[in-house]
Amino acid sequence: MALLETHDIYAGYGGMNILNGVKMSIEQDEIGVIVGPNGAGKSTTLKAIFGLLNISEGSITLRGDDITNNAPDALVRKGMAFVPQEHNVFVSLSVEENLEMGAFTRKDDYSYMLERVYSFFPDLKDKRRQPAGELSGGQRQMVAMGRALMVEPSLLLLDEPTAGLSPLYMNEIFERVIAVNESGVGVLMVEQNAKQALRIAHKGFVLAAGQNRYTDTGANLLADPEVAKSFLGG
Amino acid sequence: MNELIFFINFVLISGAVIGSIYAIGAIGVTLIFGILRFAHFAHADMMTMGTFIVLILTALFPAVGPAIGLPTAFVMMPVAMAATAVIAIGLDKAFYKPLRDNNVKPVVMVMASVGVTLMLQGLIRFFAGTGTQSLYIDDRKSIFSFNLSDASESIVVTEPQILLFLFTIFAVVALHIFLNRTRLGKAMRAMSDNPDLARVSGINTNTVVGVTWVIAGALACAAGTLLSLDVTLKPDLSFMILLPIFAAAIVGGVGHPYGALVGGFVVGFAETLAVFNWAILLRPLETAFGWDLPADLSFVPTEYKITIPFFILVAILVWRPTGILKGKVL
Ligand SMILES: Nc1ncnc2c1ncn2[C@@H]1O[C@H](COP(=O)(O)OP(=O)(O)OP(=O)(O)O)[C@@H](O)[C@H]1O
Ligand SMILES: [Mg+2]
């Protein structure tokens, strides 16, 4: 059974639909990558999945269970975590407090997860007492991802984790995403660095105007000249 | 020597007293702003309401205080703080939450709180009348005076003033520990920093809002009670200090609890310094410098004290709109 499935969802802001039937499916061991032009509805898709927007039509299932229009805290308890595209750290909270907020729904002792996140992102360990607002863009992305990992999600939604990062940092983030996935976390990720992202994707979804334009494996999408021409910059 | 004692009594002690009251009130206003993003105008009447709950409890159990050796009203204060916290949550559920759920603009929330303040004023007058009440029913206010060696006047501190100072220190330390060491306190700071991300993290924002009202309501009750213990209780007592409380919150940087603390004392001392008759302090120098001092040499006559927070407010908005400590988040 698929980890996450969206069945032709329609959603938008203030009654106007931005998504017009988005269809996606990823398995527990997969990385799914959503690409597409600016304004295609990529972020809107993730927000709709995570219960931040009202879904007017269609449904979403997590391992077969209907989670359509569940509230974010319910989804966190069901093992989902989301890193938004923008404003994805608490700037006035220290790095460690950011991570603790990721574990807010946990009632058990999660200190071992702090250590695991620090070993995952060693840069953060020295900065644990520093306000997240004082970190570099790349370090903030690490804090944002670390915060999401604190609940030990089975599904991680990432919205442009490499936005604005140097190629070096971008590769480091992608490596981390692969490592997270290999530890058993399903990943659904929006990426602007489409070629690099599709290279690590098991599944790729090309979105345009709120609809799937292409849906295939990452490798097939990279090999398709049509896709390359219209969406991957040749 | 007497001159110095006048200064200590009328500037330092008075300033610290009123500054503490402003600070406790402003902390509540600033917490509500930090979480709910609107200026809660009903805060002053929440203080008065809490104080009337203290008055009722004091009238019901007048013998409790003398038995312990503290003013009965002070002993009853924690109970009334809890009651006010519950009422604050009720007011939120009845008047503010429906608006919040409809995503109204902050100014609509502000107007709603003006409505709540008028309602509370009416209710308080309806049940308690318009007269002046004393929170001392079966007990008397203890007064401590300290004599300095060669002075005929003495430094005077009253028991409620000492209780006020102790409570202020306790409240600030407790709030500091709550906001920085506890899971809910950190969640409160997180929500004030970035409410969308707080939701995404799975923080139950309704719980945080509830905690905010509990703290703000309890502190409002305490501020009103401690002020009324120092002077007397009138239905419009707290409303009169609404402006200085907002001035304190803004001076310190809205949404910033330590700023509210500093702002409270800035406004409090500014008031006492401005209405102090400086002629008293300068009189000994009169002959030495050949001055001819008038009898009253204060910056502002006492009756116009209310202009001082107003002036501070305008000055800070022009000069440094973000407040002294650059507020925005808890
Ligand atoms: N909060 C909002 N309110 C109203 N409309 C919005 C809002 N956020 C996005 N939109 C609109 O929805 C459409 C899709 O936006 P979305 O953020 O999903 O695009 P995207 O594919 O993530 O683009 P980008 O690559 O720039 O991040 C856009 O036309 C945008 O104007
Ligand atoms: Mg986007």
# chains A, B, ... in the order shown; residues from 1 in each chain; ligands from 1
$ residues_near_ligand --ligand "ligand 2" --cutoff "10 Å" --atoms "only C-alpha atoms and all ligand atoms" --output "list of chain:residue names"
A:Val35, A:Gly36, A:Pro37, A:Asn38, A:Gly39, A:Ala40, A:Gly41, A:Lys42, A:Ser43, A:Thr44, A:Thr45, A:Leu46, A:Lys47, A:Pro84, A:Gln85, A:Glu86, A:Asp159, A:Glu160, A:Ala163, A:Val190, A:Glu191, A:Gln192
$ residues_around --residues "region 191-198 of chain B" --least-positions-apart "3" --cutoff "7 Å" --atoms "only C-alpha atoms" --output "list in words"
Asn88, Phe90 and Ser92 of chain A; Gly34, Ile35, Ala187, Met188, Ser201, Gly202, Ile203, Val329 and Leu330 of chain B
$ interface_residues --of "chain A" --to "chain B" --cutoff "9 Å" --atoms "only C-alpha atoms" --output "PyMOL selection string"
chain A and resi 50+52+71-77+81-84+87-93+97-98+100-105+147-148
$ write_last_selection --atoms "N, CA and C atoms" --output "PDB file, in the first residue's frame"
ATOM      1  N   PHE A  50      -0.800  18.937   4.002  1.00  0.00           N
ATOM      2  CA  PHE A  50      -0.522  19.077   5.431  1.00  0.00           C
ATOM      3  C   PHE A  50      -1.656  19.764   6.189  1.00  0.00           C
ATOM      4  N   LEU A  52      -3.155  22.652   5.781  1.00  0.00           N
ATOM      5  CA  LEU A  52      -3.118  24.100   5.967  1.00  0.00           C
ATOM      6  C   LEU A  52      -4.086  24.816   5.029  1.00  0.00           C
ATOM      7  N   ALA A  71      -6.188  18.331  10.675  1.00  0.00           N
ATOM      8  CA  ALA A  71      -5.412  19.484  11.152  1.00  0.00           C
ATOM      9  C   ALA A  71      -3.937  19.095  11.265  1.00  0.00           C
ATOM     10  N   PRO A  72      -3.038  20.094  11.123  1.00  0.00           N
ATOM     11  CA  PRO A  72      -1.605  19.774  11.159  1.00  0.00           C
ATOM     12  C   PRO A  72      -1.181  18.997  12.400  1.00  0.00           C
ATOM     13  N   ASP A  73      -1.700  19.367  13.587  1.00  0.00           N
ATOM     14  CA  ASP A  73      -1.193  18.645  14.763  1.00  0.00           C
ATOM     15  C   ASP A  73      -1.631  17.180  14.744  1.00  0.00           C
ATOM     16  N   ALA A  74      -2.805  16.914  14.148  1.00  0.00           N
ATOM     17  CA  ALA A  74      -3.230  15.512  14.019  1.00  0.00           C
ATOM     18  C   ALA A  74      -2.286  14.775  13.069  1.00  0.00           C
ATOM     19  N   LEU A  75      -1.885  15.455  11.999  1.00  0.00           N
ATOM     20  CA  LEU A  75      -0.998  14.813  11.025  1.00  0.00           C
ATOM     21  C   LEU A  75       0.380  14.569  11.625  1.00  0.00           C
ATOM     22  N   VAL A  76       0.847  15.501  12.446  1.00  0.00           N
ATOM     23  CA  VAL A  76       2.143  15.292  13.097  1.00  0.00           C
ATOM     24  C   VAL A  76       2.076  14.038  13.956  1.00  0.00           C
ATOM     25  N   ARG A  77       0.949  13.890  14.678  1.00  0.00           N
ATOM     26  CA  ARG A  77       0.796  12.691  15.520  1.00  0.00           C
ATOM     27  C   ARG A  77       0.715  11.421  14.678  1.00  0.00           C
ATOM     28  N   ALA A  81       5.641  15.193   8.856  1.00  0.00           N
ATOM     29  CA  ALA A  81       6.302  16.441   9.232  1.00  0.00           C
ATOM     30  C   ALA A  81       6.504  17.264   7.975  1.00  0.00           C
ATOM     31  N   PHE A  82       6.489  18.585   8.138  1.00  0.00           N
ATOM     32  CA  PHE A  82       6.502  19.482   6.991  1.00  0.00           C
ATOM     33  C   PHE A  82       7.493  20.615   7.229  1.00  0.00           C
ATOM     34  N   VAL A  83       8.329  20.872   6.233  1.00  0.00           N
ATOM     35  CA  VAL A  83       9.218  22.031   6.274  1.00  0.00           C
ATOM     36  C   VAL A  83       8.758  23.015   5.204  1.00  0.00           C
ATOM     37  N   PRO A  84       8.162  24.148   5.594  1.00  0.00           N
ATOM     38  CA  PRO A  84       7.666  25.102   4.600  1.00  0.00           C
ATOM     39  C   PRO A  84       8.799  25.752   3.812  1.00  0.00           C
ATOM     40  N   HIS A  87      10.141  31.163   5.968  1.00  0.00           N
ATOM     41  CA  HIS A  87       9.911  31.332   7.409  1.00  0.00           C
ATOM     42  C   HIS A  87       9.808  29.976   8.094  1.00  0.00           C
ATOM     43  N   ASN A  88      10.794  29.128   7.857  1.00  0.00           N
ATOM     44  CA  ASN A  88      10.686  27.763   8.364  1.00  0.00           C
ATOM     45  C   ASN A  88      11.495  27.494   9.619  1.00  0.00           C
ATOM     46  N   VAL A  89      12.025  28.575  10.239  1.00  0.00           N
ATOM     47  CA  VAL A  89      12.596  28.419  11.582  1.00  0.00           C
ATOM     48  C   VAL A  89      12.002  29.490  12.492  1.00  0.00           C
ATOM     49  N   PHE A  90      12.041  29.223  13.802  1.00  0.00           N
ATOM     50  CA  PHE A  90      11.663  30.251  14.781  1.00  0.00           C
ATOM     51  C   PHE A  90      12.898  31.103  15.015  1.00  0.00           C
ATOM     52  N   VAL A  91      12.931  32.307  14.410  1.00  0.00           N
ATOM     53  CA  VAL A  91      14.177  33.071  14.404  1.00  0.00           C
ATOM     54  C   VAL A  91      14.627  33.510  15.800  1.00  0.00           C
ATOM     55  N   SER A  92      13.678  33.737  16.708  1.00  0.00           N
ATOM     56  CA  SER A  92      14.078  34.241  18.025  1.00  0.00           C
ATOM     57  C   SER A  92      14.367  33.111  19.012  1.00  0.00           C
ATOM     58  N   LEU A  93      14.112  31.873  18.600  1.00  0.00           N
ATOM     59  CA  LEU A  93      14.404  30.740  19.476  1.00  0.00           C
ATOM     60  C   LEU A  93      15.774  30.172  19.124  1.00  0.00           C
ATOM     61  N   GLU A  97      16.030  25.043  20.888  1.00  0.00           N
ATOM     62  CA  GLU A  97      14.599  25.253  21.147  1.00  0.00           C
ATOM     63  C   GLU A  97      13.772  24.989  19.890  1.00  0.00           C
ATOM     64  N   ASN A  98      14.326  25.347  18.721  1.00  0.00           N
ATOM     65  CA  ASN A  98      13.649  25.017  17.467  1.00  0.00           C
ATOM     66  C   ASN A  98      13.423  23.508  17.362  1.00  0.00           C
ATOM     67  N   GLU A 100      13.361  21.367  19.809  1.00  0.00           N
ATOM     68  CA  GLU A 100      12.388  20.942  20.833  1.00  0.00           C
ATOM     69  C   GLU A 100      10.953  21.201  20.369  1.00  0.00           C
ATOM     70  N   MET A 101      10.744  22.302  19.670  1.00  0.00           N
ATOM     71  CA  MET A 101       9.391  22.597  19.193  1.00  0.00           C
ATOM     72  C   MET A 101       8.940  21.555  18.172  1.00  0.00           C
ATOM     73  N   GLY A 102       9.896  21.018  17.424  1.00  0.00           N
ATOM     74  CA  GLY A 102       9.551  19.944  16.502  1.00  0.00           C
ATOM     75  C   GLY A 102       9.021  18.722  17.240  1.00  0.00           C
ATOM     76  N   ALA A 103       9.493  18.554  18.477  1.00  0.00           N
ATOM     77  CA  ALA A 103       9.090  17.382  19.265  1.00  0.00           C
ATOM     78  C   ALA A 103       7.917  17.699  20.173  1.00  0.00           C
ATOM     79  N   PHE A 104       7.234  18.819  19.933  1.00  0.00           N
ATOM     80  CA  PHE A 104       6.190  19.268  20.869  1.00  0.00           C
ATOM     81  C   PHE A 104       5.129  18.209  21.132  1.00  0.00           C
ATOM     82  N   THR A 105       4.767  17.447  20.089  1.00  0.00           N
ATOM     83  CA  THR A 105       3.685  16.475  20.276  1.00  0.00           C
ATOM     84  C   THR A 105       4.159  15.213  21.006  1.00  0.00           C
ATOM     85  N   ARG A 147      14.241  20.170  12.826  1.00  0.00           N
ATOM     86  CA  ARG A 147      12.999  20.358  13.584  1.00  0.00           C
ATOM     87  C   ARG A 147      11.956  19.336  13.140  1.00  0.00           C
ATOM     88  N   ALA A 148      11.839  19.154  11.822  1.00  0.00           N
ATOM     89  CA  ALA A 148      10.840  18.222  11.294  1.00  0.00           C
ATOM     90  C   ALA A 148      11.184  16.775  11.645  1.00  0.00           C
TER      91      ALA A 148
END
$ residues_around --residues "Leu62 (chain A)" --least-positions-apart "4" --cutoff "8 Å" --atoms "only C-alpha atoms" --output "list in words"
Ala2, Leu3, Leu4, Glu5, Asp66 and Ile67 of chain A
$ select_by_dssp --residues "region 114-255 of chain B" --states "strand (DSSP E)" --output "PyMOL selection string"
chain B and resi 143-147+154-158
$ write_last_selection --atoms "all heavy atoms" --output "short mmCIF file (atom, residue, chain, number, x, y, z; two decimals), in the first residue's frame"
data_model
loop_
_atom_site.label_atom_id
_atom_site.label_comp_id
_atom_site.auth_asym_id
_atom_site.auth_seq_id
_atom_site.Cartn_x
_atom_site.Cartn_y
_atom_site.Cartn_z
N ILE B 143 2.27 50.06 58.70
CA ILE B 143 3.18 51.04 58.10
C ILE B 143 4.53 50.93 58.79
O ILE B 143 4.60 50.84 60.02
CB ILE B 143 2.60 52.46 58.25
CG1 ILE B 143 1.31 52.55 57.45
CG2 ILE B 143 3.61 53.50 57.79
CD1 ILE B 143 0.54 53.82 57.67
N PHE B 144 5.57 50.85 58.01
CA PHE B 144 6.91 50.78 58.59
C PHE B 144 7.61 52.09 58.32
O PHE B 144 7.62 52.57 57.19
CB PHE B 144 7.72 49.64 57.96
CG PHE B 144 6.98 48.34 57.98
CD1 PHE B 144 6.34 47.87 56.84
CD2 PHE B 144 6.90 47.59 59.14
CE1 PHE B 144 5.65 46.66 56.86
CE2 PHE B 144 6.21 46.40 59.18
CZ PHE B 144 5.59 45.92 58.04
N SER B 145 8.18 52.68 59.37
CA SER B 145 8.98 53.87 59.08
C SER B 145 10.39 53.69 59.60
O SER B 145 10.62 53.03 60.61
CB SER B 145 8.32 55.11 59.66
OG SER B 145 7.71 54.80 60.88
N PHE B 146 11.32 54.23 58.85
CA PHE B 146 12.73 54.11 59.20
C PHE B 146 13.27 55.51 59.41
O PHE B 146 13.08 56.39 58.59
CB PHE B 146 13.50 53.44 58.06
CG PHE B 146 12.92 52.11 57.68
CD1 PHE B 146 11.99 52.02 56.64
CD2 PHE B 146 13.28 50.96 58.37
CE1 PHE B 146 11.44 50.80 56.29
CE2 PHE B 146 12.73 49.74 58.03
CZ PHE B 146 11.81 49.65 56.99
N ASN B 147 13.96 55.69 60.52
CA ASN B 147 14.53 57.00 60.79
C ASN B 147 16.01 57.01 60.45
O ASN B 147 16.74 56.09 60.81
CB ASN B 147 14.34 57.37 62.26
CG ASN B 147 12.88 57.70 62.54
OD1 ASN B 147 12.30 58.57 61.90
ND2 ASN B 147 12.29 56.95 63.46
N SER B 154 10.79 60.54 58.37
CA SER B 154 11.29 59.18 58.23
C SER B 154 10.84 58.57 56.90
O SER B 154 9.85 58.99 56.31
CB SER B 154 10.84 58.31 59.40
OG SER B 154 9.47 58.54 59.63
N ILE B 155 11.61 57.61 56.47
CA ILE B 155 11.28 56.89 55.25
C ILE B 155 10.11 55.97 55.56
O ILE B 155 10.15 55.22 56.53
CB ILE B 155 12.49 56.05 54.77
CG1 ILE B 155 13.66 56.98 54.46
CG2 ILE B 155 12.11 55.21 53.56
CD1 ILE B 155 14.93 56.25 54.11
N VAL B 156 9.05 56.05 54.74
CA VAL B 156 7.84 55.29 55.04
C VAL B 156 7.57 54.27 53.95
O VAL B 156 7.53 54.61 52.77
CB VAL B 156 6.63 56.24 55.18
CG1 VAL B 156 5.37 55.44 55.45
CG2 VAL B 156 6.88 57.25 56.28
N VAL B 157 7.42 53.03 54.35
CA VAL B 157 6.98 51.98 53.43
C VAL B 157 5.82 51.26 54.08
O VAL B 157 5.86 50.98 55.28
CB VAL B 157 8.10 50.94 53.16
CG1 VAL B 157 7.73 50.09 51.95
CG2 VAL B 157 9.42 51.61 52.96
N THR B 158 4.78 50.98 53.31
CA THR B 158 3.64 50.28 53.90
C THR B 158 3.74 48.79 53.58
O THR B 158 4.46 48.39 52.67
CB THR B 158 2.31 50.81 53.36
OG1 THR B 158 2.25 50.51 51.97
CG2 THR B 158 2.19 52.32 53.57
#
$ select_by_dssp --residues "region 132-190 of chain A" --states "alpha helix (DSSP H)" --output "VMD selection string"
chain A and resid 137 to 149 167 to 182
$ residues_around --residues "region 42-44 of chain B" --least-positions-apart "3" --cutoff "7 Å" --atoms "only C-alpha atoms" --output "PyMOL selection string"
chain B and resi 29+47-48+113-114+116-117+220+238-239+242
$ write_last_selection --atoms "N, CA and C atoms" --output "PDB file, in the first residue's frame"
ATOM      1  N   VAL B  29      -0.509  42.865  28.925  1.00  0.00           N
ATOM      2  CA  VAL B  29      -0.868  43.447  27.625  1.00  0.00           C
ATOM      3  C   VAL B  29       0.088  42.954  26.543  1.00  0.00           C
ATOM      4  N   MET B  47      -8.436  44.001  35.455  1.00  0.00           N
ATOM      5  CA  MET B  47      -7.796  44.246  36.766  1.00  0.00           C
ATOM      6  C   MET B  47      -8.851  44.587  37.811  1.00  0.00           C
ATOM      7  N   THR B  48      -9.708  45.543  37.459  1.00  0.00           N
ATOM      8  CA  THR B  48     -10.735  45.966  38.417  1.00  0.00           C
ATOM      9  C   THR B  48     -11.639  44.797  38.777  1.00  0.00           C
ATOM     10  N   SER B 113     -12.445  44.473  22.113  1.00  0.00           N
ATOM     11  CA  SER B 113     -11.970  44.600  23.491  1.00  0.00           C
ATOM     12  C   SER B 113     -12.454  45.901  24.118  1.00  0.00           C
ATOM     13  N   VAL B 114     -12.654  46.929  23.289  1.00  0.00           N
ATOM     14  CA  VAL B 114     -13.268  48.154  23.815  1.00  0.00           C
ATOM     15  C   VAL B 114     -14.692  47.842  24.270  1.00  0.00           C
ATOM     16  N   VAL B 116     -15.757  44.927  25.292  1.00  0.00           N
ATOM     17  CA  VAL B 116     -15.661  44.125  26.521  1.00  0.00           C
ATOM     18  C   VAL B 116     -15.377  45.036  27.713  1.00  0.00           C
ATOM     19  N   THR B 117     -14.521  46.036  27.499  1.00  0.00           N
ATOM     20  CA  THR B 117     -14.180  46.935  28.613  1.00  0.00           C
ATOM     21  C   THR B 117     -15.430  47.693  29.070  1.00  0.00           C
ATOM     22  N   ALA B 220      -3.359  40.466  35.878  1.00  0.00           N
ATOM     23  CA  ALA B 220      -4.240  41.635  35.935  1.00  0.00           C
ATOM     24  C   ALA B 220      -4.890  41.712  37.312  1.00  0.00           C
ATOM     25  N   SER B 238      -8.588  51.138  37.737  1.00  0.00           N
ATOM     26  CA  SER B 238      -7.657  50.581  36.761  1.00  0.00           C
ATOM     27  C   SER B 238      -7.773  51.280  35.418  1.00  0.00           C
ATOM     28  N   PHE B 239      -9.009  51.680  35.082  1.00  0.00           N
ATOM     29  CA  PHE B 239      -9.168  52.333  33.780  1.00  0.00           C
ATOM     30  C   PHE B 239      -8.289  53.577  33.697  1.00  0.00           C
ATOM     31  N   LEU B 242      -4.892  52.716  32.392  1.00  0.00           N
ATOM     32  CA  LEU B 242      -4.792  52.029  31.107  1.00  0.00           C
ATOM     33  C   LEU B 242      -3.750  52.692  30.205  1.00  0.00           C
TER      34      LEU B 242
END
$ atom_distance --atom1 "CA of Phe269 (chain B)" --atom2 "CA of Phe7 (chain B)"
11.8 Å
$ atom_distance --atom1 "CA of Val107 (chain B)" --atom2 "CA of Phe33 (chain B)"
12.2 Å
$ residues_around --residues "Phe311 (chain B)" --least-positions-apart "4" --cutoff "12 Å" --atoms "only C-alpha atoms" --output "list in words"
Leu243, Pro244, Ala247, Ala248, Val251, Val267, Ala270, Glu271, Ala274, Val300, Tyr304, Lys305, Ile306, Thr307, Ala315, Ile316, Leu317, Val318 and Trp319 of chain B
$ write_last_selection --atoms "N, CA, C and O atoms" --output "PDB file, in the first residue's frame"
ATOM      1  N   LEU B 243      -3.800  54.014  30.144  1.00  0.00           N
ATOM      2  CA  LEU B 243      -2.860  54.734  29.274  1.00  0.00           C
ATOM      3  C   LEU B 243      -1.407  54.488  29.689  1.00  0.00           C
ATOM      4  O   LEU B 243      -0.589  54.099  28.853  1.00  0.00           O
ATOM      5  N   PRO B 244      -1.064  54.711  30.990  1.00  0.00           N
ATOM      6  CA  PRO B 244       0.330  54.411  31.357  1.00  0.00           C
ATOM      7  C   PRO B 244       0.730  52.955  31.116  1.00  0.00           C
ATOM      8  O   PRO B 244       1.888  52.692  30.755  1.00  0.00           O
ATOM      9  N   ALA B 247       1.460  52.743  27.558  1.00  0.00           N
ATOM     10  CA  ALA B 247       2.717  53.460  27.327  1.00  0.00           C
ATOM     11  C   ALA B 247       3.891  52.582  27.735  1.00  0.00           C
ATOM     12  O   ALA B 247       4.873  52.457  27.002  1.00  0.00           O
ATOM     13  N   ALA B 248       3.755  51.907  28.890  1.00  0.00           N
ATOM     14  CA  ALA B 248       4.847  51.041  29.368  1.00  0.00           C
ATOM     15  C   ALA B 248       5.102  49.908  28.392  1.00  0.00           C
ATOM     16  O   ALA B 248       6.248  49.598  28.066  1.00  0.00           O
ATOM     17  N   VAL B 251       6.735  51.493  25.279  1.00  0.00           N
ATOM     18  CA  VAL B 251       8.091  51.954  25.563  1.00  0.00           C
ATOM     19  C   VAL B 251       9.053  50.773  25.563  1.00  0.00           C
ATOM     20  O   VAL B 251      10.138  50.821  24.991  1.00  0.00           O
ATOM     21  N   VAL B 267       8.033  54.532  32.979  1.00  0.00           N
ATOM     22  CA  VAL B 267       6.851  55.395  33.067  1.00  0.00           C
ATOM     23  C   VAL B 267       6.570  55.774  34.529  1.00  0.00           C
ATOM     24  O   VAL B 267       6.290  56.929  34.844  1.00  0.00           O
ATOM     25  N   ALA B 270       9.181  58.251  35.702  1.00  0.00           N
ATOM     26  CA  ALA B 270       8.995  59.512  34.971  1.00  0.00           C
ATOM     27  C   ALA B 270       7.868  60.307  35.626  1.00  0.00           C
ATOM     28  O   ALA B 270       7.978  61.525  35.809  1.00  0.00           O
ATOM     29  N   GLU B 271       6.794  59.611  36.006  1.00  0.00           N
ATOM     30  CA  GLU B 271       5.678  60.307  36.659  1.00  0.00           C
ATOM     31  C   GLU B 271       6.106  60.919  37.988  1.00  0.00           C
ATOM     32  O   GLU B 271       5.858  62.091  38.250  1.00  0.00           O
ATOM     33  N   ALA B 274       8.467  63.783  37.637  1.00  0.00           N
ATOM     34  CA  ALA B 274       7.872  64.976  37.039  1.00  0.00           C
ATOM     35  C   ALA B 274       6.975  65.721  38.019  1.00  0.00           C
ATOM     36  O   ALA B 274       6.892  66.954  37.976  1.00  0.00           O
ATOM     37  N   VAL B 300       5.391  69.090  36.406  1.00  0.00           N
ATOM     38  CA  VAL B 300       3.979  68.950  36.055  1.00  0.00           C
ATOM     39  C   VAL B 300       3.176  68.924  37.350  1.00  0.00           C
ATOM     40  O   VAL B 300       3.553  68.220  38.289  1.00  0.00           O
ATOM     41  N   TYR B 304      -2.112  66.833  36.633  1.00  0.00           N
ATOM     42  CA  TYR B 304      -1.877  66.587  35.210  1.00  0.00           C
ATOM     43  C   TYR B 304      -0.892  65.444  34.984  1.00  0.00           C
ATOM     44  O   TYR B 304      -0.282  65.332  33.931  1.00  0.00           O
ATOM     45  N   LYS B 305      -0.785  64.588  35.994  1.00  0.00           N
ATOM     46  CA  LYS B 305       0.149  63.471  35.918  1.00  0.00           C
ATOM     47  C   LYS B 305      -0.086  62.615  34.671  1.00  0.00           C
ATOM     48  O   LYS B 305       0.848  62.087  34.065  1.00  0.00           O
ATOM     49  N   ILE B 306      -1.353  62.465  34.276  1.00  0.00           N
ATOM     50  CA  ILE B 306      -1.719  61.596  33.168  1.00  0.00           C
ATOM     51  C   ILE B 306      -1.077  62.043  31.849  1.00  0.00           C
ATOM     52  O   ILE B 306      -0.943  61.270  30.913  1.00  0.00           O
ATOM     53  N   THR B 307      -0.649  63.333  31.785  1.00  0.00           N
ATOM     54  CA  THR B 307      -0.015  63.797  30.545  1.00  0.00           C
ATOM     55  C   THR B 307       1.359  63.171  30.340  1.00  0.00           C
ATOM     56  O   THR B 307       1.859  63.129  29.227  1.00  0.00           O
ATOM     57  N   ALA B 315       6.547  60.526  22.417  1.00  0.00           N
ATOM     58  CA  ALA B 315       7.991  60.653  22.191  1.00  0.00           C
ATOM     59  C   ALA B 315       8.572  59.347  21.669  1.00  0.00           C
ATOM     60  O   ALA B 315       9.344  59.330  20.712  1.00  0.00           O
ATOM     61  N   ILE B 316       8.180  58.229  22.282  1.00  0.00           N
ATOM     62  CA  ILE B 316       8.772  56.949  21.883  1.00  0.00           C
ATOM     63  C   ILE B 316       8.303  56.571  20.481  1.00  0.00           C
ATOM     64  O   ILE B 316       9.056  56.010  19.690  1.00  0.00           O
ATOM     65  N   LEU B 317       7.049  56.903  20.155  1.00  0.00           N
ATOM     66  CA  LEU B 317       6.548  56.556  18.824  1.00  0.00           C
ATOM     67  C   LEU B 317       7.266  57.357  17.743  1.00  0.00           C
ATOM     68  O   LEU B 317       7.473  56.873  16.632  1.00  0.00           O
ATOM     69  N   VAL B 318       7.656  58.567  18.086  1.00  0.00           N
ATOM     70  CA  VAL B 318       8.358  59.388  17.112  1.00  0.00           C
ATOM     71  C   VAL B 318       9.822  58.979  17.036  1.00  0.00           C
ATOM     72  O   VAL B 318      10.405  58.818  15.970  1.00  0.00           O
ATOM     73  N   TRP B 319      10.385  58.740  18.213  1.00  0.00           N
ATOM     74  CA  TRP B 319      11.834  58.596  18.296  1.00  0.00           C
ATOM     75  C   TRP B 319      12.280  57.157  18.068  1.00  0.00           C
ATOM     76  O   TRP B 319      13.282  56.887  17.423  1.00  0.00           O
TER      77      TRP B 319
END
$ closest_residue --among "B:Leu166, B:Val209, B:Leu148, B:Ile68" --to "Lys93 (chain B)" --atoms "only C-alpha atoms"
B:Val209
$ residues_around --residues "Val206 (chain A)" --least-positions-apart "4" --cutoff "7 Å" --atoms "only C-alpha atoms" --output "NGL selection string"
:A and (34-36 or 212-215)
$ closest_residue --among "A:Ser230, A:Asn70, A:Ser154, A:Ser56" --to "Gly186 (chain A)" --atoms "only C-alpha atoms"
A:Ser154
$ residues_around --residues "Ser166 (chain A)" --least-positions-apart "4" --cutoff "10 Å" --atoms "only C-alpha atoms" --output "count of residues only"
6
$ closest_residue --among "B:Leu261, B:Ala222, B:Met109, B:Leu118" --to "His176 (chain B)" --atoms "only C-alpha atoms"
B:Leu261
$ closest_residue --among "B:Leu226, B:Met111, B:Met1, B:Val262" --to "Ser134 (chain B)" --atoms "only C-alpha atoms"
B:Leu226
